[in-house]
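Dumped upload_7.cif below, it's mmCIF, C-alpha atoms:
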```cif
data_entry
#
loop_
_atom_site.label_atom_id
_atom_site.label_comp_id
_atom_site.auth_asym_id
_atom_site.auth_seq_id
_atom_site.Cartn_x
_atom_site.Cartn_y
_atom_site.Cartn_z
CA MET A 27 36.85 -32.43 -24.88
CA TYR A 28 35.24 -34.93 -27.18
CA GLU A 29 34.57 -37.19 -24.22
CA ILE A 30 32.90 -34.39 -22.30
CA ILE A 31 30.67 -33.61 -25.28
CA SER A 32 29.90 -37.28 -25.61
CA ILE A 33 28.97 -37.54 -21.94
CA LEU A 34 26.83 -34.42 -22.19
CA LYS A 35 25.03 -35.89 -25.18
CA GLN A 36 24.41 -39.08 -23.27
CA ILE A 37 23.03 -37.38 -20.19
CA THR A 38 20.99 -34.80 -22.10
CA PRO A 39 17.80 -36.94 -22.19
CA PHE A 40 18.00 -37.49 -18.47
CA LEU A 41 18.63 -33.81 -17.84
CA ILE A 42 15.75 -32.73 -20.07
CA THR A 43 13.40 -35.08 -18.25
CA LEU A 44 14.55 -33.92 -14.84
CA PHE A 45 14.48 -30.31 -15.99
CA LEU A 46 10.89 -30.47 -17.22
CA TRP A 47 9.74 -32.35 -14.13
CA ARG A 48 11.41 -29.93 -11.74
CA LEU A 49 9.97 -26.86 -13.47
CA SER A 50 6.48 -27.85 -12.48
CA MET A 51 4.12 -24.92 -12.46
CA TYR A 52 0.42 -24.46 -12.02
CA PHE A 53 -1.43 -24.37 -15.33
CA TRP A 54 1.66 -24.60 -17.58
CA ASN A 55 3.26 -27.71 -16.13
CA PRO A 56 1.15 -29.22 -13.36
CA ALA A 57 3.00 -31.97 -11.45
CA GLY A 58 5.80 -31.70 -14.02
CA ILE A 59 3.67 -33.44 -16.64
CA LEU A 60 5.72 -31.99 -19.49
CA CYS A 61 8.39 -34.58 -18.72
CA LEU A 62 6.09 -37.15 -20.38
CA ILE A 63 7.44 -35.80 -23.67
CA PRO A 64 11.07 -36.95 -23.13
CA VAL A 65 9.78 -40.03 -21.31
CA PHE A 66 7.85 -41.11 -24.40
CA TYR A 67 10.40 -39.92 -26.91
CA TYR A 68 13.47 -41.54 -25.35
CA THR A 69 11.62 -44.76 -24.57
CA PHE A 70 9.81 -45.45 -27.81
CA VAL A 71 11.13 -43.17 -30.58
CA ARG A 72 14.85 -42.82 -29.80
CA PRO A 73 15.35 -45.52 -27.17
CA ILE A 74 18.24 -45.01 -24.78
CA LYS A 75 19.76 -47.70 -22.68
CA ASN A 76 18.32 -47.89 -19.16
CA PHE A 77 16.02 -44.95 -19.83
CA ALA A 78 12.91 -47.09 -19.22
CA ILE A 79 13.69 -47.38 -15.52
CA PHE A 80 14.31 -43.65 -15.37
CA SER A 81 11.01 -43.02 -17.17
CA LEU A 82 9.22 -45.31 -14.76
CA ILE A 83 10.58 -43.30 -11.85
CA PHE A 84 9.43 -40.04 -13.37
CA CYS A 85 5.99 -41.40 -14.21
CA PHE A 86 5.84 -42.44 -10.58
CA LEU A 87 6.92 -38.95 -9.50
CA ILE A 88 4.25 -37.32 -11.68
CA ASP A 89 1.67 -39.63 -10.12
CA TYR A 90 2.92 -38.91 -6.64
CA ARG A 91 2.85 -35.16 -7.13
CA GLY A 92 -0.51 -35.23 -8.84
CA ASP A 93 -1.94 -37.77 -6.36
CA LEU A 94 -2.85 -40.02 -9.28
CA ALA A 95 -2.02 -43.39 -7.68
CA LEU A 96 0.36 -44.88 -10.30
CA PHE A 97 -1.91 -43.89 -13.19
CA TRP A 98 0.79 -42.71 -15.60
CA THR A 99 3.11 -45.46 -14.36
CA CYS A 100 0.57 -48.13 -15.29
CA LEU A 101 -0.16 -46.45 -18.62
CA TYR A 102 3.53 -46.24 -19.39
CA CYS A 103 4.01 -49.93 -18.58
CA LEU A 104 1.00 -50.80 -20.71
CA PHE A 105 2.35 -48.89 -23.69
CA TYR A 106 5.78 -50.34 -23.11
CA ALA A 107 4.35 -53.86 -23.13
CA ILE A 108 2.19 -53.24 -26.19
CA ASN A 109 5.09 -51.72 -28.07
CA GLY A 110 7.33 -54.64 -27.17
CA PHE A 111 4.90 -57.29 -28.30
CA GLN A 112 3.78 -55.77 -31.60
CA LYS A 113 5.68 -55.35 -34.87
CA TYR A 114 3.21 -53.45 -37.02
CA ILE A 115 4.06 -49.96 -35.91
CA ASP A 116 7.69 -49.00 -35.79
CA PHE A 117 7.94 -45.86 -33.66
CA LYS A 118 11.51 -45.24 -34.72
CA ASN A 119 10.62 -44.77 -38.35
CA THR A 120 7.36 -42.91 -37.97
CA ASN A 121 7.04 -39.41 -39.36
CA ASN A 122 7.26 -36.32 -37.14
CA ASN A 123 8.97 -38.22 -34.36
CA ALA A 124 5.84 -40.31 -33.80
CA ILE A 125 3.84 -37.37 -32.60
CA TYR A 126 0.57 -39.16 -33.34
CA MET A 127 1.64 -42.06 -31.16
CA PHE A 128 2.51 -39.61 -28.43
CA MET A 129 -0.90 -37.99 -28.82
CA ALA A 130 -2.49 -41.40 -28.57
CA PHE A 131 -0.49 -42.07 -25.40
CA ILE A 132 -1.37 -38.87 -23.59
CA GLY A 133 -4.85 -38.78 -25.19
CA THR A 134 -5.63 -42.15 -23.64
CA GLY A 135 -4.40 -40.94 -20.29
CA PHE A 136 -6.32 -37.69 -20.35
CA PHE A 137 -9.45 -39.41 -21.63
CA LEU A 138 -9.37 -41.89 -18.75
CA LEU A 139 -8.67 -39.12 -16.25
CA THR A 140 -11.57 -37.09 -17.68
CA ILE A 141 -14.15 -39.84 -17.50
CA TYR A 142 -12.91 -40.99 -14.10
CA GLY A 143 -13.86 -37.74 -12.37
CA PHE A 144 -15.94 -35.95 -14.95
CA SER A 145 -16.58 -32.27 -14.64
CA TRP A 146 -16.51 -29.53 -17.24
CA ILE A 147 -13.56 -27.83 -15.59
CA ASN A 148 -11.67 -31.12 -15.54
CA LEU A 149 -12.51 -31.65 -19.20
CA VAL A 150 -11.25 -28.22 -20.18
CA ASN A 151 -8.10 -28.65 -18.08
CA ASN A 152 -7.32 -32.02 -19.64
CA LEU A 153 -8.05 -30.73 -23.11
CA TRP A 154 -5.71 -27.83 -22.53
CA LEU A 155 -2.94 -30.13 -21.27
CA PHE A 156 -3.43 -32.47 -24.21
CA LEU A 157 -3.05 -29.60 -26.68
CA TRP A 158 -0.16 -28.04 -24.76
CA LEU A 159 1.82 -31.28 -24.61
CA SER A 160 1.11 -31.99 -28.26
CA ILE A 161 2.30 -28.53 -29.25
CA LEU A 162 5.49 -28.77 -27.20
CA TYR A 163 6.34 -32.27 -28.39
CA THR A 164 7.79 -31.10 -31.70
CA PRO A 165 10.15 -28.36 -30.37
CA ILE A 166 11.38 -30.53 -27.49
CA THR A 167 12.15 -33.45 -29.76
CA ALA A 168 13.76 -31.05 -32.23
CA LEU A 169 16.00 -29.95 -29.37
CA ASP A 170 17.23 -33.54 -29.12
CA ASN A 171 18.12 -33.56 -32.81
CA TRP A 172 19.95 -30.26 -32.36
CA VAL A 173 21.96 -31.64 -29.42
CA LYS A 174 22.89 -34.75 -31.39
CA SER A 175 24.05 -32.71 -34.33
CA MET B 144 24.59 -61.95 -36.02
CA ILE B 145 21.57 -64.19 -35.82
CA ASN B 146 22.33 -64.82 -32.15
CA ASP B 147 22.50 -61.08 -31.49
CA LYS B 148 19.18 -60.53 -33.23
CA MET B 149 17.64 -63.40 -31.27
CA SER B 150 19.00 -62.14 -27.97
CA TYR B 151 17.74 -58.63 -28.76
CA LYS B 152 14.28 -59.97 -29.47
CA LEU B 153 14.42 -62.09 -26.33
CA VAL B 154 15.43 -59.14 -24.16
CA ARG B 155 12.69 -57.06 -25.70
CA ILE B 156 10.09 -59.73 -25.02
CA ILE B 157 11.31 -60.16 -21.44
CA LYS B 158 11.16 -56.40 -20.84
CA SER B 159 7.71 -56.19 -22.39
CA SER B 160 6.54 -59.12 -20.32
CA LEU B 161 7.83 -57.52 -17.16
CA ALA B 162 6.05 -54.31 -18.09
CA ALA B 163 2.89 -56.26 -18.85
CA ILE B 164 3.11 -58.04 -15.52
CA ALA B 165 3.75 -54.75 -13.73
CA VAL B 166 0.41 -53.30 -14.86
CA PRO B 167 -1.87 -55.73 -13.01
CA VAL B 168 0.56 -55.76 -10.09
CA PHE B 169 0.28 -52.00 -9.81
CA ILE B 170 -3.50 -52.08 -10.19
CA ILE B 171 -3.83 -54.75 -7.52
CA TYR B 172 -1.50 -52.79 -5.29
CA ILE B 173 -3.60 -49.65 -5.76
CA MET B 174 -6.73 -51.56 -4.87
CA VAL B 175 -5.16 -53.30 -1.88
CA ALA B 176 -3.05 -50.54 -0.41
CA LYS B 177 -5.76 -47.91 -0.67
CA PRO B 178 -5.87 -45.40 0.97
CA ASP B 179 -2.46 -45.46 2.70
CA TYR B 180 -0.21 -46.61 -0.17
CA THR B 181 2.53 -47.26 2.36
CA ILE B 182 5.11 -48.72 -0.04
CA MET B 183 4.47 -46.10 -2.71
CA ASN B 184 4.72 -43.26 -0.24
CA SER B 185 7.86 -44.68 1.35
CA LEU B 186 9.46 -44.94 -2.07
CA ALA B 187 8.42 -41.39 -2.87
CA HIS B 188 9.96 -40.18 0.37
CA VAL B 189 13.33 -41.30 -0.96
CA VAL B 190 13.02 -40.64 -4.68
CA LEU B 191 11.27 -37.30 -4.56
CA PRO B 192 13.87 -35.39 -2.48
CA VAL B 193 16.70 -36.77 -4.61
CA ALA B 194 15.00 -35.85 -7.87
CA HIS B 195 13.98 -32.52 -6.43
CA GLY B 196 17.52 -31.73 -5.27
CA VAL B 197 19.17 -32.68 -8.55
CA GLY B 198 16.42 -30.89 -10.47
CA SER B 199 16.95 -27.77 -8.36
CA VAL B 200 20.62 -27.74 -9.28
CA ILE B 201 20.06 -27.98 -13.02
CA THR B 202 17.09 -25.61 -13.16
CA TRP B 203 18.42 -22.84 -10.95
CA PRO B 204 19.10 -20.36 -13.80
CA ILE B 205 15.53 -20.67 -15.04
CA ARG B 206 14.12 -20.39 -11.53
CA ALA B 207 16.41 -17.43 -10.80
CA ILE B 208 15.11 -15.65 -13.90
CA GLY B 209 11.55 -16.45 -12.87
CA GLN B 210 12.23 -15.21 -9.36
CA SER B 211 13.73 -12.00 -10.72
CA ALA B 212 10.70 -11.47 -12.92
CA ASN B 213 8.49 -11.96 -9.87
CA TRP B 214 10.55 -9.47 -7.89
CA ILE B 215 10.33 -6.91 -10.68
CA LYS B 216 6.60 -7.43 -10.88
CA GLU B 217 6.21 -7.17 -7.11
CA THR B 218 8.41 -4.07 -7.01
CA SER B 219 6.34 -2.33 -9.67
CA GLN B 220 3.18 -3.30 -7.81
CA LEU B 221 4.66 -1.97 -4.58
CA ARG B 222 5.60 1.27 -6.31
CA SER B 223 2.11 1.85 -7.64
CA GLU B 224 0.68 0.85 -4.27
CA ASN B 225 3.09 3.23 -2.58
CA ARG B 226 1.93 6.05 -4.82
CA GLU B 227 -1.70 5.32 -3.97
CA LEU B 228 -0.93 5.11 -0.27
CA ARG B 229 1.00 8.39 -0.37
CA ALA B 230 -1.96 10.10 -2.03
CA LYS B 231 -4.25 8.64 0.61
CA LEU B 232 -1.84 9.69 3.36
CA ASP B 233 -1.71 13.23 1.99
CA ALA B 234 -5.49 13.35 1.90
CA ALA B 235 -5.66 11.96 5.43
CA LEU B 236 -3.09 14.47 6.67
CA ALA B 237 -4.99 17.31 5.01
CA ASN B 238 -8.11 16.03 6.71
CA LYS B 239 -6.25 15.83 10.02
CA TYR B 240 -5.02 19.41 9.67
CA ASN B 241 -8.58 20.50 8.94
CA CYS B 242 -9.73 18.66 12.05
CA ASP B 243 -6.96 20.22 14.13
CA ILE B 244 -7.91 23.65 12.85
CA ALA B 245 -11.56 22.98 13.60
CA VAL B 246 -10.68 21.84 17.14
CA LEU B 247 -8.57 24.94 17.75
CA GLU B 248 -11.28 27.19 16.31
CA ASN B 249 -13.79 25.44 18.51
CA GLN B 250 -11.61 25.99 21.59
CA ARG B 251 -11.15 29.60 20.68
CA LEU B 252 -14.88 30.14 20.16
CA GLU B 253 -15.59 28.42 23.46
CA HIS B 254 -13.09 30.72 25.15
CA GLU B 255 -14.66 33.74 23.51
CA ILE B 256 -18.13 32.72 24.60
CA ASN B 257 -16.91 32.22 28.16
CA VAL B 258 -15.23 35.63 28.17
CA LYS B 259 -18.33 37.24 26.71
CA LYS B 260 -20.49 35.63 29.39
CA ALA B 261 -18.08 36.70 32.14
CA LEU B 262 -18.12 40.35 31.19
CA PRO B 263 -20.66 42.56 32.99
CA TYR B 264 -21.43 44.38 29.73
CA SER B 265 -23.42 43.46 26.71
CA THR B 266 -20.88 42.76 23.98
CA VAL B 267 -20.69 42.18 20.26
CA ILE B 268 -17.92 40.04 18.83
CA ALA B 269 -16.36 41.31 15.63
CA ASP B 270 -13.55 40.40 13.25
CA ILE B 271 -10.91 42.92 12.33
CA GLN B 272 -11.12 43.40 8.57
CA PHE B 273 -8.53 46.00 7.74
CA ASP B 274 -5.71 47.45 9.75
CA ASP B 275 -5.27 50.93 8.28
CA SER B 276 -2.17 52.15 10.09
CA VAL B 277 -0.71 55.13 8.29
CA PHE B 278 1.69 57.75 9.64
CA HIS B 279 0.60 58.60 13.15
CA HIS B 280 -2.91 57.27 12.68
CA ASN B 281 -3.88 53.82 13.59
CA ASN B 282 -7.43 52.88 12.63
CA PHE B 283 -9.01 49.58 11.74
CA LEU B 284 -12.35 48.34 10.48
CA ILE B 285 -14.47 45.67 12.12
CA ASN B 286 -17.23 43.69 10.43
CA ARG B 287 -20.05 44.71 12.76
CA GLY B 288 -22.06 47.91 12.50
CA LYS B 289 -25.29 49.64 13.43
CA LYS B 290 -27.30 46.58 12.44
CA ASP B 291 -25.58 44.73 15.24
CA GLY B 292 -26.29 47.44 17.76
CA LEU B 293 -22.95 49.21 17.63
CA ASP B 294 -22.55 52.93 17.81
CA LYS B 295 -19.97 55.67 17.83
CA GLY B 296 -17.94 55.95 21.04
CA MET B 297 -18.19 52.32 22.11
CA VAL B 298 -15.09 50.68 23.55
CA VAL B 299 -13.33 47.86 21.75
CA VAL B 300 -11.47 45.30 23.83
CA SER B 301 -9.56 42.12 23.11
CA PHE B 302 -10.57 38.71 24.39
CA ASP B 303 -8.23 39.03 27.33
CA ASN B 304 -10.26 42.09 28.20
CA ARG B 305 -7.56 44.57 27.24
CA MET B 306 -8.58 47.81 25.63
CA VAL B 307 -7.83 48.16 21.95
CA GLY B 308 -9.61 51.36 20.96
CA THR B 309 -12.90 53.20 20.52
CA VAL B 310 -15.43 53.26 17.72
CA THR B 311 -15.14 56.52 15.82
CA ASP B 312 -17.52 55.90 12.97
CA CYS B 313 -20.27 53.38 12.41
CA GLY B 314 -21.77 52.12 9.15
CA SER B 315 -24.65 49.72 8.92
CA GLN B 316 -22.37 46.67 8.62
CA PHE B 317 -18.99 47.93 9.74
CA CYS B 318 -17.32 50.28 12.17
CA ARG B 319 -14.11 52.22 12.11
CA VAL B 320 -12.17 51.93 15.33
CA ARG B 321 -9.48 54.24 16.51
CA SER B 322 -6.82 52.26 18.29
CA LEU B 323 -4.93 53.43 21.36
CA ALA B 324 -1.85 53.96 19.21
CA ASP B 325 -3.58 56.60 17.11
CA ARG B 326 -2.29 60.12 17.63
CA ASP B 327 -5.85 61.42 18.17
CA THR B 328 -6.48 59.03 21.04
CA ASN B 329 -6.72 60.89 24.30
CA ILE B 330 -8.46 59.00 27.10
CA ALA B 331 -8.72 59.23 30.85
CA ILE B 332 -6.73 56.62 32.72
CA ARG B 333 -5.95 55.61 36.25
CA ILE B 334 -3.00 53.85 37.82
CA SER B 335 -4.35 50.58 39.12
CA GLY B 336 -4.40 50.33 42.93
CA SER B 337 -4.23 54.09 43.44
CA ASP B 338 -6.28 57.24 42.99
CA ILE B 339 -3.84 58.74 40.55
CA SER B 340 -5.56 59.63 37.29
CA GLY B 341 -4.23 61.06 34.11
CA PHE B 342 -4.50 60.92 30.35
CA LEU B 343 -3.13 58.57 27.70
CA GLN B 344 -2.25 59.79 24.25
CA GLY B 345 -1.35 57.69 21.21
CA ASN B 346 1.71 58.43 19.11
CA GLY B 347 1.56 55.83 16.33
CA LYS B 348 3.85 53.48 18.18
CA SER B 349 3.24 50.46 20.31
CA LYS B 350 3.92 52.50 23.41
CA ALA B 351 1.45 55.29 24.20
CA SER B 352 2.36 58.29 26.31
CA VAL B 353 0.80 59.06 29.68
CA GLY B 354 0.74 62.34 31.53
CA PHE B 355 -1.34 65.13 33.12
CA PHE B 356 -1.60 63.20 36.37
CA ASN B 357 -3.74 64.68 39.13
CA ASP B 358 -0.81 64.14 41.49
CA THR B 359 2.03 66.29 40.24
CA GLN B 360 4.50 64.45 42.44
CA PHE B 361 3.73 61.15 40.82
CA VAL B 362 6.49 59.58 38.75
CA GLY B 363 5.60 56.52 36.77
CA SER B 364 7.73 53.40 36.85
CA LYS B 365 7.99 50.16 34.97
CA GLY B 366 5.41 47.52 35.84
CA LEU B 367 2.56 49.78 36.98
CA LYS B 368 -0.74 48.73 35.53
CA VAL B 369 -2.79 51.30 33.71
CA ILE B 370 -6.58 50.99 33.50
CA THR B 371 -9.40 53.16 32.18
CA SER B 372 -11.00 55.80 34.31
CA ASN B 373 -14.56 57.09 34.02
CA ILE B 374 -13.64 60.65 34.77
CA SER B 375 -15.09 61.79 31.48
CA GLY B 376 -18.04 59.42 31.77
CA ILE B 377 -17.30 57.99 28.35
CA LEU B 378 -15.25 54.93 29.18
CA PRO B 379 -16.20 52.27 31.63
CA PRO B 380 -13.82 52.15 34.56
CA GLY B 381 -11.29 49.42 35.20
CA ILE B 382 -10.54 48.13 31.69
CA TYR B 383 -6.94 47.08 31.52
CA ILE B 384 -4.85 49.09 29.03
CA GLY B 385 -1.29 47.93 29.62
CA ASP B 386 1.80 48.05 31.80
CA MET B 387 4.06 51.03 32.04
CA VAL B 388 7.44 50.39 30.50
CA ASP B 389 9.05 53.55 31.85
CA GLU B 390 7.92 56.72 33.58
CA LYS B 391 6.01 58.12 30.59
CA ASN B 392 5.12 55.22 28.28
CA VAL B 393 2.62 52.39 28.43
CA ASP B 394 2.76 49.20 26.43
CA ILE B 395 -0.53 49.02 24.52
CA LEU B 396 -2.22 46.40 22.38
CA ARG B 397 -2.19 47.18 18.70
CA PRO B 398 -4.72 45.77 16.21
CA ASN B 399 -2.11 44.05 14.08
CA ASN B 400 -1.57 41.58 16.91
CA ILE B 401 -5.17 40.42 17.11
CA SER B 402 -7.89 39.28 14.68
CA ARG B 403 -11.08 39.39 16.76
CA VAL B 404 -12.36 41.89 19.25
CA MET B 405 -15.35 42.57 21.46
CA VAL B 406 -17.28 45.81 21.39
CA LEU B 407 -18.79 46.91 24.70
CA GLN B 408 -22.24 48.35 24.00
CA TYR B 409 -23.45 51.38 25.89
CA ASN B 410 -26.48 53.60 25.60
CA ASP B 411 -27.03 57.25 24.89
CA VAL B 412 -26.84 58.36 28.50
CA GLY B 413 -23.33 57.08 28.86
CA SER B 414 -23.92 53.97 30.90
CA TYR B 415 -23.27 50.50 29.73
CA LYS B 416 -26.01 48.06 28.98
#
```

Write-out of the structure in structure tokens:
Amino acid sequence: MYEIISILKQITPFLITLFLWRLSMYFWNPAGILCLIPVFYYTFVRPIKNFAIFSLIFCFLIDYRGDLALFWTCLYCLFYAINGFQKYIDFKNTNNNAIYMFMAFIGTGFFLLTIYGFSWINLVNNLWLFLWLSILYTPITALDNWVKS
Amino acid sequence: MINDKMSYKLVRIIKSSLAAIAVPVFIIYIMVAKPDYTIMNSLAHVVLPVAHGVGSVITWPIRAIGQSANWIKETSQLRSENRELRAKLDAALANKYNCDIAVLENQRLEHEINVKKALPYSTVIADIQFDDSVFHHNNFLINRGKKDGLDKGMVVVSFDNRMVGTVTDCGSQFCRVRSLADRDTNIAIRISGSDISGFLQGNGKSKASVGFFNDTQFVGSKGLKVITSNISGILPPGIYIGDMVDEKNVDILRPNNISRVMVLQYNDVGSYK
């Protein structure tokens, strides 16, 4: 029984990511973009072994669904590289599960996407997604703490 | 311990370096492979179905709930739509019935006009207003009177040219008609296809009595047709009254079986216009 619980705990991050990606929905979760939350969280804040490859795949899947040509994949790699080379900011010990870092991550992405094909509708859409992801970051990461406990 | 820390740092730097290298590689790939992205698409053709399939398995309860909510929503929409459509159908059916009635009325009026034109007499069409059958009397009122050229003594016939009665009183806008069934009715008749004449008397029933034939040997029988005779000079000859049902009774038309009649106009000297 303990082993089953242990296995479930180990696969929970993967399941959450897959779950959020699969429940893609117009307006609320376009292209399954909500899975960026576990992707960021389990890569930088609570790193899990081999999760980076998994995250890369899901960034790729978001790009493929959204026809974004490896945009989030590149951004993820860039953040991964920056995080690996620097020592000043420790994501693991940042308050609020590093929500500000997450906002910086998705904020950069949405900013670039906004200026790339600027239109007011695009701006509003990206702003909405930025706020929506930022709002959902805390409960989804709290879910991880609940599962661990 | 120090070796572990060193190896951890080394692995981290290698991973970061690989990630850093991947960025320009991806960017170059995007620039080079545009617009086909053959490798990327081929990879997606493998990864996407797998992820989609596994994702479908783990998200089915949520999707089932969502689907149920959609069904409930659609069902409620269908119900309200059904109610609206039923109301529209009822209105359309009511409209159809009105149209059917109008068509039938139109056919009837056309028939009446044709009958009126075919008759050799000047006629006035009238509606039966009240059927005042009481005891042995059988009168009814029609909605045409002196203003329409009607007068006392005129003959009232149905639209199949069958005699119904005679006008006994005439107001300005109505007339009282004595039907053949009335006990006071006593008119000259003739057996169609012969010279045998006689009289018909009402008795309050749907079968009037005939008698006083000019041929005392004559015995009536079922099926003989009885028509009016102008012996008295009051009635026009040859108006069909009814068939004999036995040797003394004739089946007559009573006003409760019809709603509209024609009045044959005639002038003071006893000849029809």

Practice task
Counting only C-alpha atoms, collect the residues of chain A whose closest atom lies at most 9 Å from chain B, and write them out as a PyMOL selection string.
Solution key: chain A and resi 41+44-49+83-84+86-87+90+95-97+99-111

Handout entry: Given all atoms listed in the file as the counted atoms, nearest of A:Trp54, A:Phe66, A:Phe144, A:Tyr28 to Phe131 of chain A
Key =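 Of A:Trp54, A:Phe66, A:Phe144, A:Tyr28, the one nearest Phe131 of chain A is A:Phe66, counting all atoms listed in the file.
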
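This file, filtered with the PyMOL selection byres ((chain A and resi 173) around 12), gives the residues Ile31, Ser32, Ile33, Leu34, Lys35, Gln36, Ile37, Thr38, Pro39, Ile42, Ile166, Thr167, Ala168, Leu169, Asp170, Asn171, Trp172, Lys174 and Ser175 of chain A.
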
Handout entry: Residue nearest Leu60 of chain A - candidates A:Leu155, A:Ile30, A:Thr120, A:Thr164, atoms counted: only C-alpha atoms
Key = A:Leu155

Practice task
Go ahead and compute the interatomic distance for atom CA of Ile382 of chain B and atom CA of Phe302 of chain B, in Å to one decimal.
Solution key: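 One can read the atom CA of Ile382 of chain B to atom CA of Phe302 of chain B distance as 11.9 Å.
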
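Candidate residues B:Gly336, B:Pro398, B:Pro192, B:Gly366 were compared for distance to Asp386 of chain B, and the nearest is B:Gly366, using all atoms listed in the file.
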
Exercise for the section: With the file shown as input, list the residues that the PyMOL selection byres ((chain B and resi 338) around 12) selects, as a ChimeraX atom specification. Expected result: /B:332-337,339-341,356-358,361,369-372,374

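We find atom CA of Phe355 of chain B and atom CA of Arg326 of chain B to be spaced 16.3 Å apart.
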
Exercise for the section: Given the file shown, enumerate the residues that the PyMOL selection byres ((chain B and resi 298) around 10) captures and present them as number ranges by chain. Expected result: B: 266, 293-297, 299-300, 306-311, 320-322, 377-379, 382, 405-409

Problem - Selection near Ile88 of chain A, 9 Å with only C-alpha atoms, sequence-local residues under 3 positions removed, as a list in words - result: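 Contacts, in chain order: Trp47, Pro56, Ala57, Gly58, Ile59, Cys61, Leu62, Ile83, Phe84, Cys85, Arg91, Gly92, Asp93, Leu94, Leu96, Trp98 and Thr99 of chain A.
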
Give me a file of those residues, with C-alpha atoms, as a compact mmCIF listing (two decimals), keeping the file's coordinate frame.
```txt
# COMPACT_ATOMS: atom_id res chain seq x y z
CA TRP A 47 9.74 -32.35 -14.13
CA PRO A 56 1.15 -29.22 -13.36
CA ALA A 57 3.00 -31.97 -11.45
CA GLY A 58 5.80 -31.70 -14.02
CA ILE A 59 3.67 -33.44 -16.64
CA CYS A 61 8.39 -34.58 -18.72
CA LEU A 62 6.09 -37.15 -20.38
CA ILE A 83 10.58 -43.30 -11.85
CA PHE A 84 9.43 -40.04 -13.37
CA CYS A 85 5.99 -41.40 -14.21
CA ARG A 91 2.85 -35.16 -7.13
CA GLY A 92 -0.51 -35.23 -8.84
CA ASP A 93 -1.94 -37.77 -6.36
CA LEU A 94 -2.85 -40.02 -9.28
CA LEU A 96 0.36 -44.88 -10.30
CA TRP A 98 0.79 -42.71 -15.60
CA THR A 99 3.11 -45.46 -14.36
```

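These residues, each with an atom at most 12 Å from (6.4, -35.6, -37.7) using only C-alpha atoms, are Val71, Phe117, Lys118, Asn119, Thr120, Asn121, Asn122, Asn123, Ala124, Ile125, Tyr126, Met127, Phe128, Met129, Ser160, Ile161, Tyr163, Thr164, Pro165, Thr167 and Ala168 of chain A.
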
Practice task
Have a look at A:Asn151, A:Thr140, A:Leu159, A:Ile132 and name the one nearest to Tyr52 of chain A; count all atoms listed in the file.
Solution key: A:Asn151

Problem - Pick from B:Gln316, B:Gln250, B:Ser301, B:Asn238 nearest to Gly288 of chain B, counting only C-alpha atoms - result: B:Gln316

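Take atom CA of Ser349 of chain B and atom CA of Met387 of chain B: the distance between them is 11.8 Å.
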
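Near Gln272 of chain B, within 8 Å and counting all atoms listed in the file, sit B:Phe283, B:Leu284, B:Ile285, B:Asn286, not including residues fewer than 6 positions from it in the same chain.
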
What are the centre and edge lengths in Å, to one decimal, of the axis-aligned box around all listed atoms of segment 110-126 of chain A with 3 Å added on each side, as lines of an AutoDock Vina configuration file?
```
center_x = 6.0
center_y = -46.8
center_z = -33.3
size_x = 16.9
size_y = 27.0
size_z = 18.2
```
